[in-house]
Amino acid sequence: MSGPLASESGALPRRGEGDLALQVSDLSFAYGDTPVLEAVSLAIPAGEFAVLLGPNGAGKTTLFSLITRLHDRRRGEIRIGGFDVRRQAVQAHARIGVVFQQPTLDLDLSVAQNLAYHGALHGMAPRQARARAEAQLARVGLAEQRRTRVRQLSGGQRRRVEIARGLLHAPRLLLLDEPTVGLDIASRRDLVEHAHRLCREEGVAVLWATHLIDEVRPGDRVLVLHRGRLLADDRAEELIARLGVDTLGEAFDRLVAEGEAPCA
Ligand SMILES: Nc1ncnc2c1ncn2[C@@H]1O[C@H](COP(=O)(O)OP(=O)(O)OP(=O)(O)O)[C@@H](O)[C@H]1O
């Protein structure tokens, strides 16, 4: 590896961990004296679609903030593609794409300009960024809108632009924080389907945070987060079978009720 990447400590991922898109180990975090995440551990391999399911205030956004280093962790370790987000930040962050809960597109710029700006931030050559932008916009069905100002797009189209932008620099892990908020049923379904396709066809690992159980599909991996603790990490069907209930909703209610017990 050459250039600025080589100047960071430990330019290679830890052996055997490069195929894990995300690895979080024993992560705890508090805002001041208020604990928000308690000893969270999870690992997501390449190509997996994992749903981070938790009610409001569970700690989903905080977990994303720690992965993207908007906050710094207090205890534990986070690796992306085997790279430590603190000590190997450049390599780690080159491998993450993010769709934040709040839309972050510049409404007065065109779709293509928003993507070009993101490419520049990631140090991409303009020609490479343009080629990737065209490919990603075609992938989300917005090739025709590349010159359209974002302000003129629907909510669902804006979300798709954000996904195209999040994938512009070819990350191996895409984080989406409640990406369907405000979208109609058809747009929500399209977005969920698109994210699954990315996993299947491009090997991208997706961590999809939501409180909406109906966004979980059969075969999805479900990580249930409640009051900062990971209460389950199973395929949806396995979770239902393990708890002896009929639906994922019942499984979720059961876990959350059990999780209401005060933290030790
Ligand atoms: N900057 C902050 N300072 C202090 N407390 C915070 C801050 N951000 C979040 N919290 C608290 O941390 C807890 C977890 O919040 P977080 O936003 O991570 O949850 P969430 O699962 O993403 O919720 P939602 O589904 O409502 O977005 C909540 O109790 C929240 O009030």
# chains A, B, ... in the order shown; residues from 1 in each chain; ligands from 1

$ residues_near_ligand --ligand "ligand 1" --cutoff "7 Å" --atoms "only C-alpha atoms and all ligand atoms" --output "mmCIF file with N, CA and C atoms, in the first residue's frame"
data_model
loop_
_atom_site.group_PDB
_atom_site.id
_atom_site.type_symbol
_atom_site.label_atom_id
_atom_site.label_comp_id
_atom_site.auth_asym_id
_atom_site.auth_seq_id
_atom_site.Cartn_x
_atom_site.Cartn_y
_atom_site.Cartn_z
ATOM 1 N N TYR A 31 -22.914 8.854 27.518
ATOM 2 C CA TYR A 31 -22.946 10.314 27.382
ATOM 3 C C TYR A 31 -22.826 10.840 28.802
ATOM 4 N N VAL A 36 -24.968 4.268 27.531
ATOM 5 C CA VAL A 36 -25.857 4.130 26.369
ATOM 6 C C VAL A 36 -25.609 2.813 25.637
ATOM 7 N N GLY A 54 -34.193 -1.995 16.988
ATOM 8 C CA GLY A 54 -34.288 -1.513 18.365
ATOM 9 C C GLY A 54 -35.276 -0.377 18.458
ATOM 10 N N PRO A 55 -35.967 -0.258 19.592
ATOM 11 C CA PRO A 55 -36.918 0.836 19.760
ATOM 12 C C PRO A 55 -36.197 2.183 19.842
ATOM 13 N N ASN A 56 -36.951 3.264 19.851
ATOM 14 C CA ASN A 56 -36.350 4.596 19.988
ATOM 15 C C ASN A 56 -35.477 4.619 21.240
ATOM 16 N N GLY A 57 -34.315 5.215 21.087
ATOM 17 C CA GLY A 57 -33.428 5.369 22.247
ATOM 18 C C GLY A 57 -32.613 4.139 22.586
ATOM 19 N N ALA A 58 -32.682 3.091 21.747
ATOM 20 C CA ALA A 58 -31.959 1.844 22.055
ATOM 21 C C ALA A 58 -30.447 2.037 21.996
ATOM 22 N N GLY A 59 -30.002 2.979 21.156
ATOM 23 C CA GLY A 59 -28.559 3.203 21.015
ATOM 24 C C GLY A 59 -28.058 2.957 19.598
ATOM 25 N N LYS A 60 -28.978 2.821 18.639
ATOM 26 C CA LYS A 60 -28.588 2.500 17.259
ATOM 27 C C LYS A 60 -27.728 3.617 16.645
ATOM 28 N N THR A 61 -28.227 4.847 16.744
ATOM 29 C CA THR A 61 -27.483 5.967 16.156
ATOM 30 C C THR A 61 -26.146 6.160 16.862
ATOM 31 N N THR A 62 -26.147 5.947 18.169
ATOM 32 C CA THR A 62 -24.891 6.080 18.912
ATOM 33 C C THR A 62 -23.881 5.036 18.431
ATOM 34 N N LEU A 63 -24.349 3.809 18.202
ATOM 35 C CA LEU A 63 -23.454 2.775 17.684
ATOM 36 C C LEU A 63 -22.879 3.202 16.331
ATOM 37 N N THR A 210 -33.233 0.054 12.231
ATOM 38 C CA THR A 210 -34.654 0.399 12.145
ATOM 39 C C THR A 210 -35.371 0.015 13.436
ATOM 40 N N HIS A 211 -36.571 0.616 13.619
ATOM 41 C CA HIS A 211 -37.431 0.110 14.684
ATOM 42 C C HIS A 211 -38.657 -0.562 14.063
#

$ closest_atom_pairs --of "stretch 97-173 of chain A" --to "stretch 20-26 of chain A" --cutoff "10 Å" --atoms "only C-alpha atoms" --output "JSON lines"
{"residue": "A:Pro171", "atom": "CA", "partner": "A:Ala21", "partner_atom": "CA", "distance": 9.5}
{"residue": "A:Arg172", "atom": "CA", "partner": "A:Ala21", "partner_atom": "CA", "distance": 6.3}
{"residue": "A:Leu173", "atom": "CA", "partner": "A:Ala21", "partner_atom": "CA", "distance": 5.8}

$ select_by_dssp --residues "stretch 38-243 of chain A" --states "helix (DSSP H, G or I)" --output "PyMOL selection string"
chain A and resi 60-67+89-94+111-121+126-139+143-145+150-152+155-166+185-202+213-215+236-243

$ write_last_selection --atoms "C-alpha atoms" --output "PDB file, in the first residue's frame"
ATOM      1  CA  LYS A  60     -28.588   2.500  17.259  1.00  0.00           C
ATOM      2  CA  THR A  61     -27.483   5.967  16.156  1.00  0.00           C
ATOM      3  CA  THR A  62     -24.891   6.080  18.912  1.00  0.00           C
ATOM      4  CA  LEU A  63     -23.454   2.775  17.684  1.00  0.00           C
ATOM      5  CA  PHE A  64     -23.252   4.210  14.153  1.00  0.00           C
ATOM      6  CA  SER A  65     -21.608   7.362  15.505  1.00  0.00           C
ATOM      7  CA  LEU A  66     -18.928   5.255  17.142  1.00  0.00           C
ATOM      8  CA  ILE A  67     -18.360   3.172  14.006  1.00  0.00           C
ATOM      9  CA  ALA A  89      -8.757   5.456  10.488  1.00  0.00           C
ATOM     10  CA  VAL A  90      -7.952   6.153   6.838  1.00  0.00           C
ATOM     11  CA  GLN A  91      -8.161   2.530   5.758  1.00  0.00           C
ATOM     12  CA  ALA A  92     -11.182   1.846   7.937  1.00  0.00           C
ATOM     13  CA  HIS A  93     -13.150   4.840   6.680  1.00  0.00           C
ATOM     14  CA  ALA A  94     -12.334   4.180   3.050  1.00  0.00           C
ATOM     15  CA  VAL A 111     -27.525  14.955  -8.122  1.00  0.00           C
ATOM     16  CA  ALA A 112     -24.226  14.704 -10.039  1.00  0.00           C
ATOM     17  CA  GLN A 113     -22.725  17.661  -8.142  1.00  0.00           C
ATOM     18  CA  ASN A 114     -23.596  16.098  -4.783  1.00  0.00           C
ATOM     19  CA  LEU A 115     -21.847  12.900  -5.823  1.00  0.00           C
ATOM     20  CA  ALA A 116     -18.845  14.749  -7.269  1.00  0.00           C
ATOM     21  CA  TYR A 117     -18.408  16.575  -3.967  1.00  0.00           C
ATOM     22  CA  HIS A 118     -18.436  13.286  -2.064  1.00  0.00           C
ATOM     23  CA  GLY A 119     -15.899  11.812  -4.520  1.00  0.00           C
ATOM     24  CA  ALA A 120     -13.580  14.775  -3.945  1.00  0.00           C
ATOM     25  CA  LEU A 121     -13.870  14.350  -0.171  1.00  0.00           C
ATOM     26  CA  PRO A 126     -12.882  13.468 -10.988  1.00  0.00           C
ATOM     27  CA  ARG A 127     -13.057  11.076 -13.947  1.00  0.00           C
ATOM     28  CA  GLN A 128     -13.193   8.036 -11.679  1.00  0.00           C
ATOM     29  CA  ALA A 129     -15.846   9.715  -9.508  1.00  0.00           C
ATOM     30  CA  ARG A 130     -17.936  10.539 -12.594  1.00  0.00           C
ATOM     31  CA  ALA A 131     -17.760   6.970 -13.881  1.00  0.00           C
ATOM     32  CA  ARG A 132     -18.688   5.533 -10.478  1.00  0.00           C
ATOM     33  CA  ALA A 133     -21.482   8.101 -10.098  1.00  0.00           C
ATOM     34  CA  GLU A 134     -23.003   7.130 -13.441  1.00  0.00           C
ATOM     35  CA  ALA A 135     -22.835   3.444 -12.569  1.00  0.00           C
ATOM     36  CA  GLN A 136     -24.342   3.944  -9.109  1.00  0.00           C
ATOM     37  CA  LEU A 137     -27.104   6.245 -10.335  1.00  0.00           C
ATOM     38  CA  ALA A 138     -28.017   3.731 -13.026  1.00  0.00           C
ATOM     39  CA  ARG A 139     -28.107   1.065 -10.304  1.00  0.00           C
ATOM     40  CA  ALA A 143     -29.475   7.953 -14.441  1.00  0.00           C
ATOM     41  CA  GLU A 144     -31.919  10.348 -16.097  1.00  0.00           C
ATOM     42  CA  GLN A 145     -31.983  12.652 -13.081  1.00  0.00           C
ATOM     43  CA  VAL A 150     -32.037  17.483  -5.463  1.00  0.00           C
ATOM     44  CA  ARG A 151     -34.774  19.859  -4.330  1.00  0.00           C
ATOM     45  CA  GLN A 152     -36.897  18.655  -7.249  1.00  0.00           C
ATOM     46  CA  GLY A 155     -38.163  11.695  -0.749  1.00  0.00           C
ATOM     47  CA  GLY A 156     -37.631   8.184  -2.090  1.00  0.00           C
ATOM     48  CA  GLN A 157     -35.445   9.446  -4.933  1.00  0.00           C
ATOM     49  CA  ARG A 158     -33.358  11.497  -2.492  1.00  0.00           C
ATOM     50  CA  ARG A 159     -32.764   8.408  -0.372  1.00  0.00           C
ATOM     51  CA  ARG A 160     -31.646   6.519  -3.455  1.00  0.00           C
ATOM     52  CA  VAL A 161     -29.219   9.334  -4.287  1.00  0.00           C
ATOM     53  CA  GLU A 162     -27.846   9.024  -0.750  1.00  0.00           C
ATOM     54  CA  ILE A 163     -27.312   5.301  -1.247  1.00  0.00           C
ATOM     55  CA  ALA A 164     -25.576   5.924  -4.593  1.00  0.00           C
ATOM     56  CA  ARG A 165     -23.413   8.515  -2.851  1.00  0.00           C
ATOM     57  CA  GLY A 166     -22.660   6.168   0.067  1.00  0.00           C
ATOM     58  CA  ILE A 185     -44.783   1.784   1.384  1.00  0.00           C
ATOM     59  CA  ALA A 186     -43.642   1.219  -2.209  1.00  0.00           C
ATOM     60  CA  SER A 187     -40.502   3.347  -1.758  1.00  0.00           C
ATOM     61  CA  ARG A 188     -39.681   1.549   1.498  1.00  0.00           C
ATOM     62  CA  ARG A 189     -40.032  -1.828  -0.192  1.00  0.00           C
ATOM     63  CA  ASP A 190     -37.832  -0.719  -3.110  1.00  0.00           C
ATOM     64  CA  LEU A 191     -35.138   0.525  -0.766  1.00  0.00           C
ATOM     65  CA  VAL A 192     -35.104  -2.689   1.276  1.00  0.00           C
ATOM     66  CA  GLU A 193     -34.927  -4.714  -1.944  1.00  0.00           C
ATOM     67  CA  HIS A 194     -32.138  -2.552  -3.326  1.00  0.00           C
ATOM     68  CA  ALA A 195     -30.045  -3.021  -0.194  1.00  0.00           C
ATOM     69  CA  HIS A 196     -30.495  -6.800  -0.381  1.00  0.00           C
ATOM     70  CA  ARG A 197     -29.392  -6.761  -4.022  1.00  0.00           C
ATOM     71  CA  LEU A 198     -26.220  -4.916  -3.055  1.00  0.00           C
ATOM     72  CA  CYS A 199     -25.387  -7.717  -0.634  1.00  0.00           C
ATOM     73  CA  ARG A 200     -26.214 -10.507  -3.102  1.00  0.00           C
ATOM     74  CA  GLU A 201     -24.679  -9.063  -6.214  1.00  0.00           C
ATOM     75  CA  GLU A 202     -21.811  -6.902  -4.994  1.00  0.00           C
ATOM     76  CA  ILE A 213     -40.140  -5.034  12.299  1.00  0.00           C
ATOM     77  CA  ASP A 214     -41.794  -5.296   8.882  1.00  0.00           C
ATOM     78  CA  GLU A 215     -38.506  -4.278   7.274  1.00  0.00           C
ATOM     79  CA  ALA A 236     -35.187 -14.076  11.933  1.00  0.00           C
ATOM     80  CA  GLU A 237     -36.581 -17.648  11.711  1.00  0.00           C
ATOM     81  CA  GLU A 238     -34.098 -18.979  14.260  1.00  0.00           C
ATOM     82  CA  LEU A 239     -35.022 -16.257  16.703  1.00  0.00           C
ATOM     83  CA  ILE A 240     -38.724 -17.061  16.379  1.00  0.00           C
ATOM     84  CA  ALA A 241     -38.042 -20.798  16.833  1.00  0.00           C
ATOM     85  CA  ARG A 242     -35.664 -20.287  19.751  1.00  0.00           C
ATOM     86  CA  LEU A 243     -38.214 -18.224  21.680  1.00  0.00           C
TER      87      LEU A 243
END

$ atom_distance --atom1 "atom CA of A:Glu260" --atom2 "atom CA of A:Leu52"
18.2 Å

$ residues_around --residues "A:Asp220" --least-positions-apart "4" --cutoff "8 Å" --atoms "only C-alpha atoms" --output "list in words"
Phe49, Ala50, Val51, Val216, Arg235 and Ala236 of chain A

$ write_last_selection --atoms "C-alpha atoms" --output "PDB file, in the first residue's frame"
ATOM      1  CA  PHE A  49     -27.667  -8.044   5.283  1.00  0.00           C
ATOM      2  CA  ALA A  50     -28.052  -7.443   9.016  1.00  0.00           C
ATOM      3  CA  VAL A  51     -30.889  -5.529  10.640  1.00  0.00           C
ATOM      4  CA  VAL A 216     -37.005  -7.620   8.321  1.00  0.00           C
ATOM      5  CA  ARG A 235     -31.584 -15.259  11.661  1.00  0.00           C
ATOM      6  CA  ALA A 236     -35.187 -14.076  11.933  1.00  0.00           C
TER       7      ALA A 236
END

$ atom_distance --atom1 "atom CA of A:His169" --atom2 "atom CA of A:Gly219"
28.1 Å

$ select_by_dssp --residues "stretch 28-223 of chain A" --states "strand (DSSP E or B)" --output "NGL selection string"
:A and (28-31 or 34-45 or 49-53 or 75-80 or 83-84 or 96-99 or 110 or 149 or 173-177 or 205-210 or 221-223)

$ write_last_selection --atoms "C-alpha atoms" --output "PDB file, in the first residue's frame"
ATOM      1  CA  SER A  28     -19.358   0.433  25.754  1.00  0.00           C
ATOM      2  CA  PHE A  29     -20.195   4.114  25.647  1.00  0.00           C
ATOM      3  CA  ALA A  30     -21.759   6.745  27.905  1.00  0.00           C
ATOM      4  CA  TYR A  31     -22.946  10.314  27.382  1.00  0.00           C
ATOM      5  CA  THR A  34     -25.371   7.941  31.368  1.00  0.00           C
ATOM      6  CA  PRO A  35     -24.446   4.568  29.875  1.00  0.00           C
ATOM      7  CA  VAL A  36     -25.857   4.130  26.369  1.00  0.00           C
ATOM      8  CA  LEU A  37     -24.064   1.043  25.035  1.00  0.00           C
ATOM      9  CA  GLU A  38     -23.044  -1.854  27.241  1.00  0.00           C
ATOM     10  CA  ALA A  39     -20.469  -4.418  26.083  1.00  0.00           C
ATOM     11  CA  VAL A  40     -21.819  -4.703  22.531  1.00  0.00           C
ATOM     12  CA  SER A  41     -20.089  -7.297  20.333  1.00  0.00           C
ATOM     13  CA  LEU A  42     -21.040  -8.243  16.781  1.00  0.00           C
ATOM     14  CA  ALA A  43     -19.387  -9.334  13.546  1.00  0.00           C
ATOM     15  CA  ILE A  44     -20.759  -8.938  10.037  1.00  0.00           C
ATOM     16  CA  PRO A  45     -19.152 -10.786   7.138  1.00  0.00           C
ATOM     17  CA  PHE A  49     -27.667  -8.044   5.283  1.00  0.00           C
ATOM     18  CA  ALA A  50     -28.052  -7.443   9.016  1.00  0.00           C
ATOM     19  CA  VAL A  51     -30.889  -5.529  10.640  1.00  0.00           C
ATOM     20  CA  LEU A  52     -30.115  -3.595  13.801  1.00  0.00           C
ATOM     21  CA  LEU A  53     -33.565  -3.645  15.340  1.00  0.00           C
ATOM     22  CA  ARG A  75     -14.172   0.883  25.887  1.00  0.00           C
ATOM     23  CA  GLY A  76     -13.934  -1.836  23.245  1.00  0.00           C
ATOM     24  CA  GLU A  77     -12.736  -2.141  19.694  1.00  0.00           C
ATOM     25  CA  ILE A  78     -14.218  -1.509  16.233  1.00  0.00           C
ATOM     26  CA  ARG A  79     -12.685  -2.910  13.043  1.00  0.00           C
ATOM     27  CA  ILE A  80     -13.789  -2.388   9.466  1.00  0.00           C
ATOM     28  CA  PHE A  83      -8.767  -2.134  10.187  1.00  0.00           C
ATOM     29  CA  ASP A  84      -9.092  -0.487  13.580  1.00  0.00           C
ATOM     30  CA  ILE A  96     -17.553   2.492   4.999  1.00  0.00           C
ATOM     31  CA  GLY A  97     -20.479   4.168   3.290  1.00  0.00           C
ATOM     32  CA  VAL A  98     -23.146   5.845   5.414  1.00  0.00           C
ATOM     33  CA  VAL A  99     -26.735   6.930   4.926  1.00  0.00           C
ATOM     34  CA  SER A 110     -27.668  18.671  -8.799  1.00  0.00           C
ATOM     35  CA  ARG A 149     -31.477  19.625  -8.561  1.00  0.00           C
ATOM     36  CA  LEU A 173     -19.813  -1.879   4.486  1.00  0.00           C
ATOM     37  CA  LEU A 174     -22.906   0.286   4.139  1.00  0.00           C
ATOM     38  CA  LEU A 175     -24.528   1.676   7.290  1.00  0.00           C
ATOM     39  CA  LEU A 176     -28.105   2.900   6.950  1.00  0.00           C
ATOM     40  CA  ASP A 177     -29.733   4.619   9.914  1.00  0.00           C
ATOM     41  CA  ALA A 205     -22.247  -5.904   3.903  1.00  0.00           C
ATOM     42  CA  VAL A 206     -25.245  -3.862   5.048  1.00  0.00           C
ATOM     43  CA  LEU A 207     -26.144  -2.848   8.584  1.00  0.00           C
ATOM     44  CA  TRP A 208     -29.685  -1.482   8.454  1.00  0.00           C
ATOM     45  CA  ALA A 209     -30.905   0.229  11.635  1.00  0.00           C
ATOM     46  CA  THR A 210     -34.654   0.399  12.145  1.00  0.00           C
ATOM     47  CA  ARG A 221     -29.792 -11.560  10.352  1.00  0.00           C
ATOM     48  CA  VAL A 222     -31.452  -9.669  13.210  1.00  0.00           C
ATOM     49  CA  LEU A 223     -29.525  -7.906  15.953  1.00  0.00           C
TER      50      LEU A 223
END
